[in-house]
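One file, upload.txt, is given below (compact mmCIF, C-alpha atoms).
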# COMPACT_ATOMS: atom_id res chain seq x y z
CA MET A 15 57.18 -7.20 87.77
CA PHE A 16 57.74 -3.45 87.56
CA SER A 17 57.85 -1.55 84.28
CA PRO A 18 61.19 0.17 83.50
CA ALA A 19 59.82 3.56 84.55
CA ALA A 20 58.28 2.23 87.77
CA ALA A 21 61.43 0.35 88.64
CA VAL A 22 63.60 3.41 88.18
CA THR A 23 61.27 5.69 90.15
CA LEU A 24 61.16 3.18 93.01
CA LEU A 25 64.96 3.07 93.05
CA LEU A 26 65.08 6.86 93.08
CA VAL A 27 62.69 7.06 96.02
CA LEU A 28 64.59 4.43 98.00
CA SER A 29 67.66 6.66 97.86
CA TYR A 30 65.95 9.52 99.71
CA SER A 31 64.81 10.29 103.21
CA THR A 32 61.15 10.02 104.30
CA LYS A 33 60.78 13.80 104.06
CA GLU A 34 61.71 13.76 100.38
CA VAL A 35 59.38 10.83 99.65
CA ASP A 36 56.41 12.98 100.70
CA SER A 37 56.48 14.69 97.28
CA PHE A 38 55.82 11.38 95.52
CA ALA A 39 52.53 9.54 95.02
CA SER A 40 51.70 5.84 95.29
CA VAL A 41 50.02 4.41 92.21
CA GLY A 42 49.15 0.73 92.11
CA GLY A 43 51.57 0.04 94.96
CA VAL A 44 54.47 1.65 93.08
CA ILE A 45 55.85 4.98 94.28
CA THR A 46 56.24 7.42 91.41
CA PRO A 47 57.24 11.08 91.00
CA PRO A 48 54.55 13.61 90.05
CA SER A 49 53.23 13.68 86.51
CA TRP A 50 54.19 16.49 84.15
CA GLU A 51 50.69 17.95 84.62
CA GLU A 52 51.16 18.01 88.40
CA LEU A 53 54.61 19.54 88.07
CA SER A 54 53.23 22.19 85.71
CA HIS A 55 50.53 23.05 88.25
CA THR A 56 53.10 23.36 91.03
CA LEU A 57 55.15 25.66 88.85
CA LEU A 58 52.17 27.89 88.07
CA LEU A 59 51.54 28.34 91.79
CA SER A 60 55.04 29.69 92.24
CA SER A 61 54.94 33.35 93.25
CA SER A 62 58.11 34.14 91.32
CA ALA A 63 56.72 32.62 88.12
CA ALA A 64 53.59 34.76 88.49
CA ALA A 65 55.69 37.86 89.07
CA ASP A 66 57.69 37.24 85.91
CA SER A 67 54.55 37.44 83.78
CA SER A 68 53.09 40.54 85.45
CA LYS A 69 54.83 43.14 83.27
CA LYS A 70 53.35 43.88 79.87
CA PRO A 71 56.02 43.56 77.13
CA LEU A 72 56.91 46.87 75.50
CA VAL A 73 59.00 45.40 72.68
CA THR A 74 59.58 42.11 70.89
CA LEU A 75 63.15 40.94 70.40
CA TYR A 76 63.87 38.73 67.41
CA ARG A 77 67.10 36.80 67.98
CA ASP A 78 68.85 33.60 67.01
CA THR A 79 67.78 30.31 68.57
CA ASN A 80 71.17 29.40 70.07
CA GLY A 81 72.03 32.72 71.69
CA TRP A 82 75.37 32.71 69.86
CA CYS A 83 74.86 35.77 67.66
CA PRO A 84 77.02 38.55 69.18
CA PHE A 85 74.79 41.29 67.75
CA CYS A 86 71.69 39.69 69.28
CA GLU A 87 73.53 39.31 72.57
CA ARG A 88 74.27 43.06 72.67
CA VAL A 89 70.61 44.01 72.30
CA TRP A 90 69.43 41.24 74.62
CA LEU A 91 71.77 42.42 77.37
CA ILE A 92 70.81 46.07 76.92
CA LEU A 93 67.10 45.26 77.21
CA ARG A 94 67.83 43.59 80.53
CA ALA A 95 70.13 46.42 81.66
CA LYS A 96 67.34 48.91 80.97
CA ASP A 97 64.78 46.59 82.61
CA ILE A 98 62.47 46.89 79.60
CA PRO A 99 59.81 44.14 79.55
CA TYR A 100 60.09 42.24 76.29
CA ASP A 101 58.82 39.25 74.37
CA GLU A 102 61.17 36.97 72.46
CA GLN A 103 60.79 35.40 69.05
CA LEU A 104 63.55 32.94 68.18
CA ILE A 105 64.58 32.86 64.53
CA SER A 106 66.34 29.87 62.98
CA LEU A 107 69.25 31.25 60.99
CA GLN A 108 69.24 28.19 58.73
CA ASN A 109 65.50 28.28 58.05
CA LYS A 110 64.16 31.80 58.51
CA PRO A 111 60.39 31.98 58.25
CA ASP A 112 58.88 33.88 55.33
CA TRP A 113 57.01 36.24 57.65
CA TYR A 114 60.34 37.35 59.18
CA LYS A 115 61.90 37.92 55.77
CA ALA A 116 58.91 40.12 54.92
CA LEU A 117 59.13 41.98 58.23
CA VAL A 118 62.89 42.75 58.21
CA PRO A 119 64.33 44.00 54.90
CA THR A 120 67.83 42.63 55.64
CA THR A 121 66.35 39.32 56.91
CA LEU A 122 69.11 39.39 59.57
CA VAL A 123 68.90 39.24 63.34
CA PRO A 124 68.54 40.99 65.69
CA ALA A 125 65.47 43.12 65.16
CA VAL A 126 63.20 44.81 67.69
CA LEU A 127 59.53 45.54 67.27
CA PHE A 128 58.42 48.54 69.34
CA HIS A 129 54.88 48.22 70.67
CA ASN A 130 52.85 51.43 70.59
CA LYS A 131 52.15 52.65 74.12
CA ASP A 132 48.90 54.20 72.92
CA THR A 133 46.39 51.36 73.19
CA GLU A 134 44.01 53.13 70.80
CA LYS A 135 46.53 52.89 67.97
CA ASN A 136 47.85 49.71 66.44
CA GLU A 137 51.00 51.28 65.02
CA ARG A 138 54.24 49.39 65.56
CA ARG A 139 57.80 50.13 64.53
CA ILE A 140 60.47 47.63 63.55
CA VAL A 141 64.18 48.48 63.91
CA TRP A 142 67.07 46.28 62.81
CA GLU A 143 70.88 46.52 63.01
CA SER A 144 72.12 46.37 66.61
CA SER A 145 73.61 49.88 66.64
CA ASP A 146 70.34 51.41 65.44
CA ILE A 147 68.37 49.36 67.96
CA ILE A 148 70.52 50.58 70.85
CA LYS A 149 69.97 54.21 69.83
CA ALA A 150 66.24 53.61 69.39
CA LEU A 151 65.97 52.04 72.86
CA ASP A 152 67.68 55.09 74.40
CA ASP A 153 65.32 57.44 72.55
CA GLN A 154 62.13 55.44 73.15
CA PHE A 155 62.77 54.85 76.87
CA PRO A 156 64.44 58.02 78.19
CA ASP A 157 63.64 57.15 81.82
CA THR A 158 65.82 54.04 81.69
CA PRO A 159 69.63 54.05 82.09
CA ARG A 160 71.15 55.56 78.97
CA MET A 161 73.44 53.17 77.08
CA ILE A 162 75.16 55.72 74.82
CA PRO A 163 76.52 58.45 77.13
CA ASP A 164 75.91 62.07 76.21
CA ASP A 165 78.44 63.64 78.56
CA ASN A 166 81.57 61.73 77.52
CA SER A 167 80.98 60.90 73.88
CA LEU A 168 84.68 61.30 72.98
CA GLU A 169 85.65 58.68 75.56
CA TYR A 170 82.85 56.42 74.36
CA ASP A 171 83.80 56.83 70.71
CA ALA A 172 87.44 56.04 71.52
CA ALA A 173 86.39 52.86 73.34
CA ILE A 174 84.23 51.84 70.38
CA GLN A 175 87.15 52.40 68.00
CA MET A 176 89.52 50.41 70.20
CA ASN A 177 87.07 47.52 70.34
CA GLU A 178 86.67 47.53 66.56
CA GLU A 179 90.42 47.34 66.11
CA LEU A 180 90.69 44.53 68.64
CA SER A 181 87.83 42.61 67.02
CA MET A 182 89.40 42.95 63.58
CA ALA A 183 92.79 41.78 64.82
CA GLY A 184 91.19 38.88 66.65
CA PHE A 185 89.10 37.85 63.67
CA GLN A 186 92.10 37.89 61.35
CA PHE A 187 94.15 35.81 63.80
CA VAL A 188 91.48 33.28 64.77
CA TYR A 189 90.55 32.49 61.17
CA ALA A 190 94.07 32.60 59.75
CA GLY A 191 94.08 28.82 59.63
CA ARG A 192 91.36 28.85 56.98
CA ASN A 193 93.56 30.87 54.62
CA ASP A 194 96.00 28.49 52.94
CA THR A 195 97.75 31.39 51.17
CA LEU A 196 99.15 32.77 54.44
CA SER A 197 102.73 31.95 55.33
CA GLU A 198 103.80 31.09 58.87
CA ALA A 199 105.32 34.57 59.09
CA ASP A 200 101.95 36.09 58.11
CA LYS A 201 100.17 34.07 60.79
CA LEU A 202 102.73 35.09 63.42
CA GLU A 203 102.27 38.72 62.44
CA ARG A 204 98.52 38.40 62.93
CA LYS A 205 99.05 36.78 66.30
CA ASP A 206 101.39 39.56 67.43
CA LYS A 207 98.88 42.20 66.31
CA PHE A 208 96.12 40.49 68.26
CA ILE A 209 98.23 40.22 71.40
CA ALA A 210 99.17 43.91 71.10
CA GLU A 211 95.49 44.90 70.87
CA LEU A 212 94.64 42.80 73.92
CA ASP A 213 97.45 44.50 75.83
CA ARG A 214 96.18 47.92 74.72
CA LEU A 215 92.71 47.13 76.03
CA ASP A 216 94.20 45.86 79.28
CA ILE A 217 96.10 49.12 79.81
CA ALA A 218 92.94 51.14 79.16
CA LEU A 219 90.92 49.06 81.61
CA ARG A 220 93.59 49.32 84.29
CA LYS A 221 93.53 53.10 83.95
CA VAL A 222 89.76 53.13 84.39
CA HIS A 223 90.07 50.86 87.41
CA GLN A 224 92.71 53.09 88.98
CA SER A 225 90.68 56.25 88.36
CA SER A 226 87.72 54.64 90.14
CA GLY A 227 89.79 54.16 93.27
CA GLY A 228 90.06 50.41 92.79
CA ARG A 229 86.30 49.88 92.87
CA PRO A 230 84.67 47.41 90.47
CA CYS A 231 84.03 49.20 87.20
CA PHE A 232 82.85 48.76 83.65
CA ARG A 233 84.60 49.91 80.49
CA LEU A 234 83.99 53.63 81.11
CA GLY A 235 83.75 53.57 84.89
CA GLY A 236 81.01 52.85 87.39
CA ASP A 237 78.09 52.59 84.98
CA PHE A 238 77.29 49.87 82.48
CA THR A 239 77.02 51.29 78.96
CA ALA A 240 76.59 50.02 75.41
CA ILE A 241 80.34 49.52 74.98
CA ASP A 242 80.25 46.78 77.64
CA ALA A 243 77.42 45.06 75.78
CA ILE A 244 79.34 45.37 72.52
CA MET A 245 82.58 43.99 74.00
CA ILE A 246 81.32 41.04 76.02
CA PRO A 247 80.08 38.62 73.30
CA THR A 248 83.45 38.27 71.57
CA LEU A 249 85.63 38.48 74.68
CA GLU A 250 83.46 35.85 76.37
CA ARG A 251 84.12 33.38 73.55
CA TRP A 252 87.84 34.14 73.45
CA ARG A 253 88.03 33.72 77.21
CA TYR A 254 86.94 30.08 77.04
CA GLN A 255 87.85 28.93 73.54
CA LEU A 256 91.25 30.43 72.75
CA PRO A 257 93.10 28.49 75.47
CA LEU A 258 91.99 25.33 73.67
CA THR A 259 92.31 26.41 70.05
CA ALA A 260 95.32 28.74 70.13
CA ASN A 261 96.94 28.23 73.55
CA ILE A 262 96.15 31.86 74.40
CA ASN A 263 94.65 32.88 77.73
CA ILE A 264 93.40 36.44 77.33
CA LEU A 265 93.27 36.88 81.13
CA GLU A 266 96.81 35.80 81.87
CA GLY A 267 98.92 38.78 82.90
CA ARG A 268 96.08 41.18 82.13
CA ASP A 269 94.60 42.35 85.41
CA GLY A 270 92.54 45.05 83.72
CA ILE A 271 90.64 42.58 81.53
CA LYS A 272 90.36 40.17 84.44
CA GLU A 273 88.82 42.85 86.72
CA TRP A 274 86.42 43.89 83.96
CA PHE A 275 85.24 40.29 83.62
CA GLU A 276 84.77 40.08 87.39
CA THR A 277 82.53 43.15 87.20
CA MET A 278 80.55 41.71 84.29
CA ASP A 279 80.24 38.29 85.94
CA SER A 280 78.56 39.90 88.96
CA TYR A 281 76.23 42.11 86.86
CA GLU A 282 72.80 40.47 87.05
CA PRO A 283 71.46 41.55 83.63
CA TYR A 284 74.42 39.67 82.16
CA TYR A 285 74.97 36.62 84.36
CA GLY A 286 71.24 36.20 85.07
CA ARG A 287 70.39 35.19 81.49
CA VAL A 288 72.66 36.40 78.67
CA MET A 289 76.03 35.04 79.80
CA GLY A 290 77.45 31.92 78.18
CA ASP A 291 79.32 29.60 80.54
CA GLU A 292 82.65 27.81 80.34
CA TYR A 293 81.21 24.36 79.75
CA SER A 294 78.94 25.45 76.89
CA TRP A 295 81.70 27.24 74.99
CA THR A 296 84.07 24.33 75.62
CA ALA A 297 81.57 21.65 74.58
CA THR A 298 80.61 23.52 71.41
CA ASN A 299 84.21 24.34 70.56
CA SER A 300 84.75 21.15 68.60
CA MET A 301 81.66 21.89 66.51
CA PHE A 302 82.90 25.39 65.70
CA LEU A 303 86.30 23.99 64.80
CA ARG A 304 84.74 21.50 62.39
CA TYR A 305 82.67 24.17 60.68
CA PHE A 306 84.99 27.17 60.78
CA GLY A 307 88.46 25.90 61.64
CA GLY A 308 89.58 25.09 58.13
CA GLY A 309 89.04 21.35 58.01
CA GLU A 310 89.30 18.41 60.39
CA ASP A 311 91.86 16.88 58.06
CA LYS A 312 94.39 19.45 59.30
CA PRO A 313 96.43 17.97 62.19
CA GLU A 314 96.27 21.13 64.30
CA ILE A 315 92.47 21.27 63.96
CA ALA A 316 92.06 17.59 64.80
CA GLU A 317 94.25 18.05 67.90
CA ALA A 318 92.24 21.12 68.96
CA ILE A 319 88.99 19.14 68.63
CA LEU A 320 90.37 16.42 70.90
CA ARG A 321 91.51 19.02 73.44
CA ALA A 322 88.06 20.63 73.44
CA ASP A 323 86.24 17.31 73.92
CA ASP A 324 88.62 16.23 76.70
CA ALA A 325 88.23 19.60 78.44
CA ALA A 326 84.43 19.34 78.19
CA ASN A 327 84.52 15.88 79.79
CA ARG A 328 86.66 17.19 82.67
CA LEU A 329 84.25 20.05 83.27
CA ALA A 330 81.29 17.64 83.20
CA ASP A 331 82.94 15.63 85.97
CA SER A 332 82.77 18.71 88.22
CA PHE A 333 79.09 19.61 87.70
CA ILE A 334 78.11 18.62 91.24
CA GLU A 335 80.93 20.66 92.78
CA ASN A 336 79.93 23.82 90.89
CA VAL A 337 76.34 24.12 92.12
CA LEU A 338 75.45 27.61 93.32
CA LYS A 339 74.82 28.17 97.01
CA ASP A 340 72.82 31.40 96.69
CA GLU A 341 69.57 32.22 94.92
CA ASN A 342 68.90 28.53 94.29
CA LYS A 343 65.12 28.84 94.44
CA VAL A 344 64.87 31.47 91.69
CA TYR A 345 67.09 29.62 89.28
CA SER A 346 65.79 26.19 90.31
CA LYS A 347 62.32 27.29 89.21
CA GLU A 348 63.74 28.51 85.91
CA ALA A 349 65.34 25.11 85.31
CA ALA A 350 62.16 23.31 86.33
CA ALA A 351 60.11 25.47 83.96
CA LYS A 352 62.37 24.46 81.07
CA LEU A 353 61.96 20.78 81.92
CA VAL A 354 58.19 21.09 82.11
CA ALA A 355 57.94 23.00 78.83
CA ASN A 356 60.40 20.86 76.86
CA HIS A 357 60.39 17.42 78.50
CA GLU A 358 59.29 15.56 75.36
CA ALA A 359 62.08 17.07 73.26
CA ILE A 360 64.63 16.48 76.04
CA VAL A 361 63.68 12.80 76.36
CA LYS A 362 63.86 12.42 72.58
CA ASP A 363 67.29 14.08 72.48
CA CYS A 364 68.87 12.07 75.30
CA THR A 365 67.66 8.78 73.77
CA ASN A 366 68.42 9.70 70.14
CA GLU A 367 70.16 6.79 68.41
CA ASP A 368 71.48 9.01 65.60
CA PRO A 369 72.46 12.40 67.12
CA GLN A 370 73.68 15.22 64.90
CA SER A 371 76.07 16.71 67.46
CA GLN A 372 78.16 15.48 70.43
CA LYS A 373 78.20 12.08 68.81
CA HIS A 374 80.92 10.97 71.22
CA THR A 375 78.36 11.20 74.07
CA GLU A 376 76.63 7.84 74.43
CA ARG A 377 72.84 8.26 74.60
CA ALA A 378 70.38 6.39 76.80
CA SER A 379 68.02 3.87 75.20
CA ASN A 380 64.90 3.65 77.39
CA VAL A 381 62.40 6.49 76.91
CA ASP A 382 60.26 5.60 79.94
CA ALA A 383 63.25 5.48 82.27
CA ALA A 384 64.49 8.83 80.98
CA ASP A 385 61.07 10.43 81.44
CA ALA A 386 60.73 9.14 85.00
CA MET A 387 64.20 10.42 85.84
CA LEU A 388 63.37 13.90 84.47
CA ARG A 389 60.14 14.08 86.47
CA HIS A 390 62.07 13.16 89.58
CA VAL A 391 64.67 15.85 88.88
CA CYS A 392 61.96 18.42 88.25
CA SER A 393 60.29 17.51 91.54
CA MET A 394 63.61 18.04 93.32
CA LEU A 395 64.02 21.47 91.74
CA LEU A 396 60.56 22.54 92.92
CA SER A 397 61.04 21.14 96.44
CA ASN A 398 61.74 23.43 99.37
CA ASP A 399 64.17 20.90 100.78
CA ASP A 400 67.64 21.62 99.36
CA THR A 401 69.44 19.04 101.53
CA ILE A 402 71.38 16.38 99.67
CA HIS A 403 70.94 12.99 101.34
CA GLU A 404 73.10 9.95 100.88
CA SER A 405 71.54 6.81 99.40
CA MET A 406 69.85 4.77 102.13
CA GLU A 407 69.17 1.47 100.41
CA SER A 408 70.21 -0.38 97.29
CA LEU A 409 68.21 -2.27 94.70
CA GLN A 410 69.35 -4.16 91.64
CA MET A 411 67.57 -2.88 88.55
CA ASP A 412 68.17 -3.42 84.83
CA ASN A 413 67.10 0.06 83.78
CA ALA A 414 68.77 2.00 86.58
CA LYS A 415 71.99 2.49 84.62
CA ASN A 416 69.93 3.63 81.66
CA ALA A 417 68.23 6.30 83.77
CA ALA A 418 71.58 7.41 85.16
CA SER A 419 72.96 7.60 81.64
CA ALA A 420 70.01 9.74 80.54
CA ALA A 421 70.64 12.15 83.43
CA ARG A 422 74.30 12.57 82.47
CA VAL A 423 73.44 13.02 78.79
CA VAL A 424 70.95 15.79 79.56
CA ALA A 425 73.50 17.49 81.81
CA SER A 426 76.15 17.39 79.08
CA ARG A 427 73.72 18.60 76.40
CA LEU A 428 72.64 21.75 78.27
CA CYS A 429 73.89 24.83 76.46
CA VAL A 430 74.02 28.34 77.94
CA PRO A 431 72.42 30.71 77.10
CA ARG A 432 70.52 28.70 74.46
CA ASP A 433 68.56 26.62 76.97
CA MET A 434 68.56 28.71 80.14
CA SER A 435 70.64 31.08 82.26
CA ALA A 436 74.07 30.03 83.51
CA PRO A 437 72.97 29.87 87.19
CA ALA A 438 69.94 27.72 86.30
CA ALA A 439 72.11 25.43 84.18
CA LYS A 440 74.58 24.98 87.04
CA ILE A 441 71.80 23.89 89.37
CA LEU A 442 70.16 21.60 86.83
CA ARG A 443 73.43 19.95 85.80
CA ALA A 444 74.34 19.38 89.44
CA THR A 445 70.90 17.94 90.22
CA LEU A 446 71.01 15.62 87.20
CA CYS A 447 74.48 14.37 88.09
CA THR A 448 73.54 13.96 91.75
CA VAL A 449 70.59 11.78 90.75
CA ALA A 450 72.80 9.79 88.37
CA LYS A 451 75.36 9.27 91.10
CA ARG A 452 72.71 8.07 93.57
CA ILE A 453 71.28 5.60 91.06
CA GLU A 454 74.72 4.25 90.24
CA TYR A 455 75.46 3.90 93.96
CA CYS A 456 72.37 1.75 94.43
CA VAL A 457 72.96 -0.74 91.61

Could you show the structure in this file as structure tokens?
Amino acid sequence: MFSPAAAVTLLLVLSYSTKEVDSFASVGGVITPPSWEELSHTLLLSSSAAADSSKKPLVTLYRDTNGWCPFCERVWLILRAKDIPYDEQLISLQNKPDWYKALVPTTLVPAVLFHNKDTEKNERRIVWESSDIIKALDDQFPDTPRMIPDDNSLEYDAAIQMNEELSMAGFQFVYAGRNDTLSEADKLERKDKFIAELDRLDIALRKVHQSSGGRPCFRLGGDFTAIDAIMIPTLERWRYQLPLTANINILEGRDGIKEWFETMDSYEPYYGRVMGDEYSWTATNSMFLRYFGGGEDKPEIAEAILRADDAANRLADSFIENVLKDENKVYSKEAAAKLVANHEAIVKDCTNEDPQSQKHTERASNVDAADAMLRHVCSMLLSNDDTIHESMESLQMDNAKNAASAARVVASRLCVPRDMSAPAAKILRATLCTVAKRIEYCV
């Protein structure tokens, strides 16, 4: 009689071609995917993983654990835009360590620690406040692309001012529901002001696009600058959350904003790690509404929570369809590295009987089955064979559905950019759901 893990791994292997089975080992007559130690060794042999660790970090970025802080996102993106090697230290906003409170006078994130280039000196400099960090990065690394332009400061300053006015209008509108003293006329006035500011930005972006001859462009033209990094965190959230919470699509009828997003979405420093994706912002929307929406007891908030959860479920159903066709190997290795490094926590999360979030998502119950499934998925991600094969045989198994459930739970729990880049998350979600689908086909 097979153990739950062995039974699941045998079922997984039976659903693949002989070529794919070559990556598995036979232990005691039962075919099983590689161990986590073997998978870790395979990952270390990866040339791309070795290349990633070849550059000596020049700064340390202290940012929030979830990747939701807009001020952290600005600095994070600019570090990547400048191609400055950096270390990361993740700071829990709910439980900041004492050493961080002693290091940063404001105790806020982000902060950047500049490493002294002179190896004979041990002097280091800490800078906080995102605006001061951006200036310091320009000054400290003059050979990298400058984020605050010198030659068109008036244009840059005007764009900064416009963004501040848009952000203020948006903040006042989005959180109007929390203010019980506002009348319906007050709320409508805030909405109109917000819409007007969006339209003003759209006009400005269309002018920039026209002046560039119709070529893809950033806020000030052909070059990415700090204003793009400052704009994207808030606009990204509005792009995905406002259609659900306020029935407002900031892209509809605004070709300038739409073209700017298209430029940002194809900009590697952004989409390659910092960008949040539609599913993550949709799946977390209900949580934000509960905390910041003004109370789940309000009918409009309760309805918005249901819309967000339903939308997240619809997006989850399309995970397999949305897998990327290009650059799979780079991002597959990133996803595999996350599984290897965090597999114990992932198994614990997907089998948690008392979850703190996404409680509507039913968890798996068998730890061994979940672990075997994850090792199988990780092996797929590290394989050179990207072909998806149909299931070849079927086998009745009690724990198969449990393994499939674990795969779908992990896919739905992935959050971008908290856990990994958006491209890596797309590949991992698709792989998890493909495995779940194959298991379900066989039982």

Contacts of region 349-360 of chain A within 9 Å, all atoms listed in the file, excl. fewer than 5 positions in-chain, as a PyMOL selection string: chain A and resi 50-51+53-54+57+63+365+385+388-389+391-396+424+433-435+438-439+441-442

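Restricting the calculation to all atoms listed in the file, the smallest distance between Ile241 (chain A) and any of A:Asp382, A:Met176, A:Ala425, A:Ala414 is found for A:Met176.
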
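In this structure, CA of Val430 (chain A) sits 25.6 Å away from CA of Met182 (chain A).
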
Taking all atoms listed in the file into account, which of A:Trp274, A:Val288, A:Asp213, A:Arg77 comes nearest Ile92 (chain A)? A:Val288

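CA of Thr46 (chain A) is positioned 14.3 Å from CA of Ala417 (chain A).
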
Select, from A:Ala325, A:Arg94, A:Met278, A:Val141, the residue with the minimum atom-to-atom distance to Leu117 (chain A), counting all atoms listed in the file. A:Val141

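Closest approach to Val126 (chain A) among A:Leu446, A:Ala243, A:Ala95, A:Cys86: A:Cys86, based on only C-alpha atoms.
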
For a cut-off of 10 Å around (72.1, 16.1, 77.1), file coordinates, pick out all residues using all atoms listed in the file and list them as a ChimeraX atom specification. /A:360-361,363-365,372,375-378,419-429,443

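Distances here use all atoms listed in the file; by that measure, the residue among A:Trp82, A:Phe238, A:Trp113, A:Phe128 closest to Pro159 (chain A) is A:Phe238.
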
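A search radius of 12 Å centred on (73.0, 40.8, 86.4), applied to all atoms listed in the file, returns the residues A:Leu91, A:Ile92, A:Leu93, A:Arg94, A:Ala95, A:Lys96, A:Asp97, A:Phe238, A:Glu276, A:Thr277, A:Met278, A:Asp279, A:Ser280, A:Tyr281, A:Glu282, A:Pro283, A:Tyr284, A:Tyr285, A:Gly286, A:Arg287, A:Val288, A:Met289, A:Ser435, A:Ala436, A:Pro437.
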
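Across the structure, CA of Ile98 (chain A) and CA of Lys70 (chain A) are spaced 9.6 Å apart.
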
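Considering only C-alpha atoms, the residue among A:Leu212, A:Met301, A:Ile162, A:Ala383 positioned nearest to Ser371 (chain A) is A:Met301.
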
Identify, on the basis of only C-alpha atoms, every residue whose closest approach to Leu180 (chain A) does not exceed 9 Å; exclude the query and any residue fewer than 6 positions from it along the same chain; express the result as an MDAnalysis selection string. chainID A and resid 207:208 210:212 214:215

Selection export as a PDB file, in the frame of the given file, atoms kept: C-alpha atoms:
ATOM      1  CA  LYS A 207      98.880  42.200  66.310  1.00  0.00           C
ATOM      2  CA  PHE A 208      96.120  40.490  68.260  1.00  0.00           C
ATOM      3  CA  ALA A 210      99.170  43.910  71.100  1.00  0.00           C
ATOM      4  CA  GLU A 211      95.490  44.900  70.870  1.00  0.00           C
ATOM      5  CA  LEU A 212      94.640  42.800  73.920  1.00  0.00           C
ATOM      6  CA  ARG A 214      96.180  47.920  74.720  1.00  0.00           C
ATOM      7  CA  LEU A 215      92.710  47.130  76.030  1.00  0.00           C
TER       8      LEU A 215
END

Selection: 8 Å around Asn263 (chain A), all atoms listed in the file, excl. self and same-chain fewer than 5 positions, as a ChimeraX atom specification: /A:253,256-257

File of the preceding selection, C-alpha atoms, as a PDB file, keeping the file's coordinate frame:
ATOM      1  CA  ARG A 253      88.030  33.720  77.210  1.00  0.00           C
ATOM      2  CA  LEU A 256      91.250  30.430  72.750  1.00  0.00           C
ATOM      3  CA  PRO A 257      93.100  28.490  75.470  1.00  0.00           C
TER       4      PRO A 257
END

Using only C-alpha atoms, determine which residues lie at most 9 Å from Ala173 (chain A), disregarding the query and same-chain residues fewer than 4 positions distant; provide the list as a VMD selection string. chain A and resid 168 to 169 177 to 178 215 218 233 to 234 241

Residues near region 192-202 of chain A, anyone? I mean within 12 Å using all atoms listed in the file, not counting same-chain ones fewer than 6 positions away, as a ChimeraX atom specification. /A:183-186,208-209,260,303-310,312,314-315
